[in-house]
file work_0.pdb (PDB, C-alpha atoms, pLDDT in the B column)
MODEL        1
ATOM      1  CA  MET A   1      -0.211-118.623  41.853  1.00 89.00           C
ATOM      2  CA  GLN A   2       1.336-122.077  42.034  1.00 96.00           C
ATOM      3  CA  ASP A   3       0.186-123.678  38.751  1.00 98.00           C
ATOM      4  CA  PHE A   4       0.677-121.919  35.423  1.00 98.00           C
ATOM      5  CA  ALA A   5       2.548-121.911  32.131  1.00 98.00           C
ATOM      6  CA  ALA A   6       4.906-119.014  31.442  1.00 98.00           C
ATOM      7  CA  ILE A   7       5.135-118.350  27.708  1.00 98.00           C
ATOM      8  CA  ASP A   8       7.235-116.117  25.485  1.00 98.00           C
ATOM      9  CA  PHE A   9       7.254-115.550  21.732  1.00 98.00           C
ATOM     10  CA  GLU A  10       9.812-113.904  19.492  1.00 98.00           C
ATOM     11  CA  THR A  11       8.686-112.585  16.107  1.00 98.00           C
ATOM     12  CA  ALA A  12      10.448-112.399  12.766  1.00 98.00           C
ATOM     13  CA  ASN A  13       8.925-109.062  11.791  1.00 98.00           C
ATOM     14  CA  TYR A  14       6.309-106.608  13.010  1.00 97.00           C
ATOM     15  CA  CYS A  15       3.381-108.891  12.092  1.00 98.00           C
ATOM     16  CA  ARG A  16       2.205-110.506  15.309  1.00 98.00           C
ATOM     17  CA  SER A  17       1.586-113.786  13.468  1.00 98.00           C
ATOM     18  CA  SER A  18       5.289-114.036  12.569  1.00 98.00           C
ATOM     19  CA  VAL A  19       6.259-116.033  15.660  1.00 98.00           C
ATOM     20  CA  CYS A  20       9.669-117.558  15.005  1.00 98.00           C
ATOM     21  CA  SER A  21      10.354-119.093  18.418  1.00 98.00           C
ATOM     22  CA  VAL A  22       8.458-120.011  21.552  1.00 98.00           C
ATOM     23  CA  GLY A  23       9.496-120.853  25.075  1.00 98.00           C
ATOM     24  CA  VAL A  24       7.185-122.385  27.665  1.00 98.00           C
ATOM     25  CA  VAL A  25       7.862-123.145  31.328  1.00 98.00           C
ATOM     26  CA  ILE A  26       5.346-125.322  33.184  1.00 98.00           C
ATOM     27  CA  VAL A  27       4.961-124.659  36.911  1.00 98.00           C
ATOM     28  CA  ARG A  28       2.954-126.952  39.181  1.00 98.00           C
ATOM     29  CA  GLY A  29       2.821-126.693  42.928  1.00 98.00           C
ATOM     30  CA  GLY A  30       5.209-123.745  42.772  1.00 97.00           C
ATOM     31  CA  GLU A  31       7.942-125.810  41.068  1.00 97.00           C
ATOM     32  CA  VAL A  32       9.142-125.814  37.469  1.00 97.00           C
ATOM     33  CA  VAL A  33       8.235-129.270  36.165  1.00 98.00           C
ATOM     34  CA  ASP A  34       8.799-128.905  32.420  1.00 98.00           C
ATOM     35  CA  ARG A  35      10.313-126.646  29.783  1.00 98.00           C
ATOM     36  CA  TYR A  36       9.675-126.464  26.048  1.00 98.00           C
ATOM     37  CA  TYR A  37      11.437-124.528  23.292  1.00 98.00           C
ATOM     38  CA  SER A  38      11.057-124.559  19.539  1.00 98.00           C
ATOM     39  CA  LEU A  39      11.915-122.519  16.518  1.00 98.00           C
ATOM     40  CA  ILE A  40       8.913-121.894  14.251  1.00 98.00           C
ATOM     41  CA  LYS A  41       8.655-121.071  10.551  1.00 98.00           C
ATOM     42  CA  PRO A  42       7.148-117.559  10.685  1.00 98.00           C
ATOM     43  CA  VAL A  43       4.048-116.333   8.851  1.00 98.00           C
ATOM     44  CA  PRO A  44       4.690-114.162   6.925  1.00 98.00           C
ATOM     45  CA  GLU A  45       8.070-115.708   6.304  1.00 96.00           C
ATOM     46  CA  TYR A  46      10.538-112.840   6.330  1.00 97.00           C
ATOM     47  CA  TYR A  47      12.740-111.207   8.943  1.00 98.00           C
ATOM     48  CA  ASN A  48      13.259-107.525   9.458  1.00 97.00           C
ATOM     49  CA  TYR A  49      16.542-106.146  10.688  1.00 96.00           C
ATOM     50  CA  ARG A  50      15.207-104.779  13.972  1.00 96.00           C
ATOM     51  CA  CYS A  51      13.653-108.051  15.115  1.00 94.00           C
ATOM     52  CA  THR A  52      16.800-109.979  14.203  1.00 95.00           C
ATOM     53  CA  GLN A  53      18.824-107.387  16.096  1.00 95.00           C
ATOM     54  CA  VAL A  54      16.714-108.073  19.217  1.00 92.00           C
ATOM     55  CA  HIS A  55      16.745-111.885  19.273  1.00 96.00           C
ATOM     56  CA  GLY A  56      19.459-112.862  16.809  1.00 94.00           C
ATOM     57  CA  LEU A  57      17.297-115.192  14.715  1.00 97.00           C
ATOM     58  CA  THR A  58      17.340-115.126  10.918  1.00 97.00           C
ATOM     59  CA  ALA A  59      15.618-116.985   8.086  1.00 97.00           C
ATOM     60  CA  ALA A  60      18.496-119.470   8.062  1.00 97.00           C
ATOM     61  CA  ASP A  61      17.530-120.474  11.606  1.00 97.00           C
ATOM     62  CA  THR A  62      13.914-121.244  10.733  1.00 98.00           C
ATOM     63  CA  ASP A  63      14.086-122.444   7.115  1.00 97.00           C
ATOM     64  CA  ASP A  64      13.654-126.044   8.268  1.00 98.00           C
ATOM     65  CA  ALA A  65      11.644-125.274  11.417  1.00 98.00           C
ATOM     66  CA  PRO A  66       8.163-126.720  11.907  1.00 98.00           C
ATOM     67  CA  GLU A  67       5.105-124.594  11.262  1.00 98.00           C
ATOM     68  CA  PHE A  68       3.077-123.289  14.177  1.00 98.00           C
ATOM     69  CA  PRO A  69       0.307-125.948  14.190  1.00 98.00           C
ATOM     70  CA  GLU A  70       2.897-128.708  14.598  1.00 98.00           C
ATOM     71  CA  VAL A  71       4.603-126.847  17.451  1.00 98.00           C
ATOM     72  CA  TRP A  72       1.318-125.994  19.175  1.00 98.00           C
ATOM     73  CA  ALA A  73       0.261-129.665  19.036  1.00 98.00           C
ATOM     74  CA  GLN A  74       3.237-130.351  21.334  1.00 98.00           C
ATOM     75  CA  ILE A  75       2.568-127.370  23.629  1.00 98.00           C
ATOM     76  CA  GLU A  76      -1.189-127.780  24.014  1.00 98.00           C
ATOM     77  CA  PRO A  77      -1.095-130.920  26.207  1.00 98.00           C
ATOM     78  CA  LEU A  78       1.575-129.329  28.426  1.00 98.00           C
ATOM     79  CA  ILE A  79      -0.537-126.248  29.177  1.00 98.00           C
ATOM     80  CA  GLU A  80      -3.936-127.922  29.395  1.00 97.00           C
ATOM     81  CA  GLY A  81      -5.939-126.450  32.260  1.00 97.00           C
ATOM     82  CA  LEU A  82      -3.255-123.909  33.156  1.00 98.00           C
ATOM     83  CA  PRO A  83      -3.444-120.121  32.973  1.00 98.00           C
ATOM     84  CA  LEU A  84      -0.751-118.536  30.797  1.00 98.00           C
ATOM     85  CA  VAL A  85       1.627-115.931  32.168  1.00 98.00           C
ATOM     86  CA  ALA A  86       3.703-113.541  30.059  1.00 98.00           C
ATOM     87  CA  HIS A  87       5.812-110.477  30.705  1.00 96.00           C
ATOM     88  CA  ASN A  88       3.909-107.978  28.576  1.00 94.00           C
ATOM     89  CA  LYS A  89       0.839-110.127  28.092  1.00 96.00           C
ATOM     90  CA  SER A  90      -0.546-107.790  25.428  1.00 97.00           C
ATOM     91  CA  PHE A  91       2.303-108.727  23.084  1.00 97.00           C
ATOM     92  CA  ASP A  92       2.415-112.484  23.665  1.00 98.00           C
ATOM     93  CA  GLU A  93      -1.362-112.910  23.790  1.00 98.00           C
ATOM     94  CA  SER A  94      -1.758-110.916  20.567  1.00 98.00           C
ATOM     95  CA  CYS A  95       0.919-113.066  18.898  1.00 98.00           C
ATOM     96  CA  LEU A  96      -0.886-116.232  19.935  1.00 98.00           C
ATOM     97  CA  LYS A  97      -4.236-114.947  18.687  1.00 98.00           C
ATOM     98  CA  ALA A  98      -2.702-113.727  15.416  1.00 98.00           C
ATOM     99  CA  VAL A  99      -0.958-116.983  14.597  1.00 98.00           C
ATOM    100  CA  PHE A 100      -4.101-118.968  15.436  1.00 98.00           C
ATOM    101  CA  LYS A 101      -5.955-116.700  12.994  1.00 98.00           C
ATOM    102  CA  ALA A 102      -3.235-117.008  10.335  1.00 98.00           C
ATOM    103  CA  TYR A 103      -3.708-120.783  10.362  1.00 98.00           C
ATOM    104  CA  ASP A 104      -7.495-120.567  10.760  1.00 98.00           C
ATOM    105  CA  ILE A 105      -7.370-122.441  14.075  1.00 97.00           C
ATOM    106  CA  TYR A 106     -10.065-121.937  16.699  1.00 96.00           C
ATOM    107  CA  TYR A 107      -8.651-119.844  19.557  1.00 97.00           C
ATOM    108  CA  PRO A 108      -9.949-121.234  22.868  1.00 95.00           C
ATOM    109  CA  GLY A 109      -9.554-118.002  24.864  1.00 94.00           C
ATOM    110  CA  TYR A 110      -6.628-118.839  27.103  1.00 97.00           C
ATOM    111  CA  GLU A 111      -6.561-117.088  30.471  1.00 97.00           C
ATOM    112  CA  PHE A 112      -3.527-114.758  30.533  1.00 97.00           C
ATOM    113  CA  TYR A 113      -1.786-112.961  33.401  1.00 97.00           C
ATOM    114  CA  CYS A 114       0.874-110.276  33.030  1.00 97.00           C
ATOM    115  CA  THR A 115       4.031-110.108  35.134  1.00 96.00           C
ATOM    116  CA  CYS A 116       4.872-106.697  33.657  1.00 95.00           C
ATOM    117  CA  ILE A 117       1.668-105.171  35.024  1.00 94.00           C
ATOM    118  CA  ALA A 118       2.119-107.030  38.322  1.00 94.00           C
ATOM    119  CA  SER A 119       5.717-105.804  38.667  1.00 94.00           C
ATOM    120  CA  ARG A 120       4.620-102.196  38.029  1.00 92.00           C
ATOM    121  CA  ARG A 121       2.131-102.527  40.864  1.00 93.00           C
ATOM    122  CA  ARG A 122       4.630-104.200  43.179  1.00 93.00           C
ATOM    123  CA  TRP A 123       7.534-101.839  42.466  1.00 92.00           C
ATOM    124  CA  PRO A 124       6.251 -98.431  41.281  1.00 91.00           C
ATOM    125  CA  GLY A 125       8.879 -96.488  39.381  1.00 89.00           C
ATOM    126  CA  MET A 126      11.041 -99.510  38.627  1.00 83.00           C
ATOM    127  CA  PRO A 127      11.825-100.085  34.926  1.00 84.00           C
ATOM    128  CA  ASN A 128       9.428-102.632  33.441  1.00 78.00           C
ATOM    129  CA  ASN A 129      12.127-104.578  31.645  1.00 90.00           C
ATOM    130  CA  LEU A 130      11.936-108.343  32.030  1.00 93.00           C
ATOM    131  CA  ASP A 131      15.577-108.673  33.037  1.00 92.00           C
ATOM    132  CA  VAL A 132      15.250-105.955  35.717  1.00 92.00           C
ATOM    133  CA  ALA A 133      12.080-107.464  37.214  1.00 93.00           C
ATOM    134  CA  ALA A 134      13.581-110.973  37.092  1.00 93.00           C
ATOM    135  CA  ALA A 135      16.733-109.814  38.876  1.00 92.00           C
ATOM    136  CA  ARG A 136      14.553-108.218  41.552  1.00 92.00           C
ATOM    137  CA  CYS A 137      13.097-111.712  42.065  1.00 92.00           C
ATOM    138  CA  GLY A 138      16.532-113.359  42.226  1.00 92.00           C
ATOM    139  CA  TYR A 139      16.639-114.642  38.619  1.00 91.00           C
ATOM    140  CA  TYR A 140      19.552-113.291  36.583  1.00 92.00           C
ATOM    141  CA  MET A 141      19.226-113.592  32.820  1.00 89.00           C
ATOM    142  CA  ASN A 142      22.149-114.585  30.635  1.00 85.00           C
ATOM    143  CA  ASN A 143      20.275-114.863  27.344  1.00 84.00           C
ATOM    144  CA  HIS A 144      17.604-112.146  27.209  1.00 86.00           C
ATOM    145  CA  HIS A 145      15.307-112.412  24.153  1.00 88.00           C
ATOM    146  CA  HIS A 146      15.786-116.153  23.833  1.00 94.00           C
ATOM    147  CA  ALA A 147      12.181-117.321  24.172  1.00 97.00           C
ATOM    148  CA  LEU A 148      12.920-120.043  26.733  1.00 97.00           C
ATOM    149  CA  ALA A 149      15.148-117.786  28.847  1.00 96.00           C
ATOM    150  CA  ASP A 150      12.440-115.121  28.803  1.00 97.00           C
ATOM    151  CA  ALA A 151       9.771-117.678  29.792  1.00 98.00           C
ATOM    152  CA  GLU A 152      11.996-118.865  32.662  1.00 97.00           C
ATOM    153  CA  ALA A 153      12.432-115.281  33.858  1.00 96.00           C
ATOM    154  CA  CYS A 154       8.700-114.701  33.611  1.00 97.00           C
ATOM    155  CA  ALA A 155       8.047-117.849  35.656  1.00 97.00           C
ATOM    156  CA  ALA A 156      10.455-116.633  38.348  1.00 96.00           C
ATOM    157  CA  ILE A 157       8.658-113.285  38.534  1.00 96.00           C
ATOM    158  CA  ALA A 158       5.224-114.936  38.611  1.00 97.00           C
ATOM    159  CA  LEU A 159       6.259-117.239  41.445  1.00 97.00           C
ATOM    160  CA  GLU A 160       7.468-114.243  43.420  1.00 94.00           C
ATOM    161  CA  ILE A 161       4.666-111.707  42.902  1.00 94.00           C
ATOM    162  CA  LEU A 162       1.509-113.315  41.489  1.00 89.00           C
TER     163      LEU A 162
ENDMDL
END
call {"tool": "encode", "arguments": {"input": "work_0.pdb", "output": "C-alpha cells"}}
result
Amino acid sequence: MQDFAAIDFETANYCRSSVCSVGVVIVRGGEVVDRYYSLIKPVPEYYNYRCTQVHGLTAADTDDAPEFPEVWAQIEPLIEGLPLVAHNKSFDESCLKAVFKAYDIYYPGYEFYCTCIASRRRWPGMPNNLDVAAARCGYYMNNHHHALADAEACAAIALEIL
C-alpha cells in the first residue's frame, strides 16, 4: 500500500464520540507528504481520569478547541480518495462513526485497514502494542498516545507490512 491516510483519535472519556484530538499522516507514493494534528472539543464534554492518564489531555486543553465538524472540514480534503489506516481500526473507525452521528453528519463509509491485525498476522505471538509494532518496523516512538505520533507510527507500520 503506497497511498493512504493513517489516522489516530484520542478520547476524553469512554464515549466513542468524545474525540479530543486527532492525528493524520498522508502517504502518497510510499512517502509521507503531509501531517495534520488538532485538539477537538469532545462530545460529551468531560474527561475521565483514565483517559487523561493515557494521553495527558484535560478539559483545559480543549476548552477553546474547535468542534469536530470544523476540524473534519480541514481533514476531509487531505484524505479524499485515500483508504484510512489505523492501529486498532475497530477503535478509531468506531470513534469516527460515533462523532459523525453525534453531529448528525452523513458518514460516507471510509475504507479502513488495520495495522494491528496485519502485525498479528506478520508476527504471531508479538505484543500488539503500537509502540512495539512500530519499533519492529524501525520507528521508535517518543510520545505514545499523542494522536499525531500514533498516526506516524501507524503509517510506518503500514508502509512496512501492508
call {"tool": "atom_distance", "arguments": {"input": "work_0.pdb", "atom1": "atom CA of Ile40 of chain A", "atom2": "atom CA of Leu57 of chain A"}}
result
10.7 Å
call {"tool": "residues_around", "arguments": {"input": "work_0.pdb", "residues": "Ile75 of chain A", "least_positions_apart": "6", "cutoff": "12 Å", "atoms": "all atoms listed in the file", "output": "PyMOL selection string"}}
result
chain A and resi 5-7+22-26+34-38+68-69+82+84
call {"tool": "residues_around", "arguments": {"input": "work_0.pdb", "residues": "His146 of chain A", "least_positions_apart": "2", "cutoff": "9 Å", "atoms": "only C-alpha atoms", "output": "list in words"}}
result
Asp8, Phe9, Glu10, Ser21, Val22, Gly23, His55, Gly56, Asn143, His144, Leu148, Ala149, Asp150 and Ala151 of chain A
call {"tool": "closest_residue", "arguments": {"input": "work_0.pdb", "among": "A:Pro66, A:Asp92, A:Gly29, A:Gln74", "to": "Thr11 of chain A", "atoms": "only C-alpha atoms"}}
result
A:Asp92
call {"tool": "closest_residue", "arguments": {"input": "work_0.pdb", "among": "A:Tyr14, A:Cys20, A:Val27, A:Glu76", "to": "Asp63 of chain A", "atoms": "all atoms listed in the file"}}
result
A:Cys20
call {"tool": "residues_around", "arguments": {"input": "work_0.pdb", "residues": "segment 44-52 of chain A", "least_positions_apart": "5", "cutoff": "8 Å", "atoms": "only C-alpha atoms", "output": "PDB file with C-alpha atoms, in the coordinates of the input"}}
result
ATOM      1  CA  THR A  11       8.686-112.585  16.107  1.00 98.00           C
ATOM      2  CA  ALA A  12      10.448-112.399  12.766  1.00 98.00           C
ATOM      3  CA  ASN A  13       8.925-109.062  11.791  1.00 98.00           C
ATOM      4  CA  TYR A  14       6.309-106.608  13.010  1.00 97.00           C
ATOM      5  CA  CYS A  15       3.381-108.891  12.092  1.00 98.00           C
ATOM      6  CA  SER A  17       1.586-113.786  13.468  1.00 98.00           C
ATOM      7  CA  SER A  18       5.289-114.036  12.569  1.00 98.00           C
ATOM      8  CA  LEU A  57      17.297-115.192  14.715  1.00 97.00           C
ATOM      9  CA  THR A  58      17.340-115.126  10.918  1.00 97.00           C
ATOM     10  CA  ALA A  59      15.618-116.985   8.086  1.00 97.00           C
TER      11      ALA A  59
END
call {"tool": "resolve_selection", "arguments": {"input": "work_0.pdb", "expression": "the PyMOL selection byres ((chain A and resi 155-161) around 9)", "output": "PyMOL selection string"}}
result
chain A and resi 1-2+4-7+25-27+30-32+85-87+113-115+118-119+122+130+133-139+150-154+162
call {"tool": "atom_distance", "arguments": {"input": "work_0.pdb", "atom1": "atom CA of Ala60 of chain A", "atom2": "atom CA of Tyr103 of chain A"}}
result
22.4 Å
call {"tool": "residues_near_point", "arguments": {"input": "work_0.pdb", "point": "(-2.3, -113.8, 27.2)", "cutoff": "6 Å", "atoms": "only C-alpha atoms", "output": "JSON, numbers by chain"}}
result
{"A": [89, 93, 112]}
call {"tool": "write_last_selection", "arguments": {"input": "work_0.pdb", "atoms": "C-alpha atoms", "output": "PDB file, keeping the file's coordinate frame"}}
result
ATOM      1  CA  LYS A  89       0.839-110.127  28.092  1.00 96.00           C
ATOM      2  CA  GLU A  93      -1.362-112.910  23.790  1.00 98.00           C
ATOM      3  CA  PHE A 112      -3.527-114.758  30.533  1.00 97.00           C
TER       4      PHE A 112
END
call {"tool": "closest_residue", "arguments": {"input": "work_0.pdb", "among": "A:Met141, A:Val19, A:Cys116, A:Leu96", "to": "Ala65 of chain A", "atoms": "all atoms listed in the file"}}
result
A:Val19
call {"tool": "axis_aligned_box", "arguments": {"input": "work_0.pdb", "around": "segment 140-159 of chain A", "padding_each_side": "4 Å", "output": "AutoDock Vina command-line options"}}
result
--center_x 13.7 --center_y -116.1 --center_z 32.6 --size_x 24.9 --size_y 15.9 --size_z 25.6
call {"tool": "atom_distance", "arguments": {"input": "work_0.pdb", "atom1": "atom CA of Lys41 of chain A", "atom2": "atom CA of Phe91 of chain A"}}
result
18.7 Å
call {"tool": "closest_residue", "arguments": {"input": "work_0.pdb", "among": "A:Val33, A:Asp104, A:Asn142, A:Asn88", "to": "Asn129 of chain A", "atoms": "all atoms listed in the file"}}
result
A:Asn88
call {"tool": "build_atoms", "arguments": {"input": "work_0.pdb", "residues": "segment 147-158 of chain A", "atoms": "N, CA, C and O atoms", "output": "PDB file, in the coordinates of the input"}}
result
ATOM      1  N   ALA A 147      13.545-117.099  23.681  1.00 97.00           N
ATOM      2  CA  ALA A 147      12.181-117.321  24.172  1.00 97.00           C
ATOM      3  C   ALA A 147      12.139-118.182  25.435  1.00 97.00           C
ATOM      4  O   ALA A 147      11.346-117.899  26.342  1.00 97.00           O
ATOM      5  N   LEU A 148      12.963-119.209  25.526  1.00 97.00           N
ATOM      6  CA  LEU A 148      12.920-120.043  26.733  1.00 97.00           C
ATOM      7  C   LEU A 148      13.496-119.296  27.935  1.00 97.00           C
ATOM      8  O   LEU A 148      12.940-119.368  29.030  1.00 97.00           O
ATOM      9  N   ALA A 149      14.578-118.566  27.744  1.00 96.00           N
ATOM     10  CA  ALA A 149      15.148-117.786  28.847  1.00 96.00           C
ATOM     11  C   ALA A 149      14.145-116.753  29.341  1.00 96.00           C
ATOM     12  O   ALA A 149      13.998-116.542  30.553  1.00 96.00           O
ATOM     13  N   ASP A 150      13.445-116.120  28.414  1.00 97.00           N
ATOM     14  CA  ASP A 150      12.440-115.121  28.803  1.00 97.00           C
ATOM     15  C   ASP A 150      11.276-115.774  29.541  1.00 97.00           C
ATOM     16  O   ASP A 150      10.751-115.219  30.517  1.00 97.00           O
ATOM     17  N   ALA A 151      10.852-116.963  29.097  1.00 98.00           N
ATOM     18  CA  ALA A 151       9.771-117.678  29.792  1.00 98.00           C
ATOM     19  C   ALA A 151      10.222-118.098  31.194  1.00 98.00           C
ATOM     20  O   ALA A 151       9.442-118.029  32.144  1.00 98.00           O
ATOM     21  N   GLU A 152      11.471-118.503  31.333  1.00 97.00           N
ATOM     22  CA  GLU A 152      11.996-118.865  32.662  1.00 97.00           C
ATOM     23  C   GLU A 152      12.011-117.647  33.584  1.00 97.00           C
ATOM     24  O   GLU A 152      11.633-117.750  34.755  1.00 97.00           O
ATOM     25  N   ALA A 153      12.427-116.512  33.060  1.00 96.00           N
ATOM     26  CA  ALA A 153      12.432-115.281  33.858  1.00 96.00           C
ATOM     27  C   ALA A 153      11.016-114.897  34.253  1.00 96.00           C
ATOM     28  O   ALA A 153      10.763-114.515  35.400  1.00 96.00           O
ATOM     29  N   CYS A 154      10.094-115.011  33.336  1.00 97.00           N
ATOM     30  CA  CYS A 154       8.700-114.701  33.611  1.00 97.00           C
ATOM     31  C   CYS A 154       8.155-115.617  34.691  1.00 97.00           C
ATOM     32  O   CYS A 154       7.451-115.168  35.607  1.00 97.00           O
ATOM     33  N   ALA A 155       8.491-116.895  34.630  1.00 97.00           N
ATOM     34  CA  ALA A 155       8.047-117.849  35.656  1.00 97.00           C
ATOM     35  C   ALA A 155       8.594-117.461  37.022  1.00 97.00           C
ATOM     36  O   ALA A 155       7.874-117.510  38.025  1.00 97.00           O
ATOM     37  N   ALA A 156       9.853-117.046  37.073  1.00 96.00           N
ATOM     38  CA  ALA A 156      10.455-116.633  38.348  1.00 96.00           C
ATOM     39  C   ALA A 156       9.730-115.416  38.937  1.00 96.00           C
ATOM     40  O   ALA A 156       9.470-115.364  40.137  1.00 96.00           O
ATOM     41  N   ILE A 157       9.383-114.473  38.082  1.00 96.00           N
ATOM     42  CA  ILE A 157       8.658-113.285  38.534  1.00 96.00           C
ATOM     43  C   ILE A 157       7.268-113.690  39.026  1.00 96.00           C
ATOM     44  O   ILE A 157       6.819-113.265  40.099  1.00 96.00           O
ATOM     45  N   ALA A 158       6.585-114.518  38.246  1.00 97.00           N
ATOM     46  CA  ALA A 158       5.224-114.936  38.611  1.00 97.00           C
ATOM     47  C   ALA A 158       5.220-115.656  39.954  1.00 97.00           C
ATOM     48  O   ALA A 158       4.336-115.424  40.788  1.00 97.00           O
TER      49      ALA A 158
END
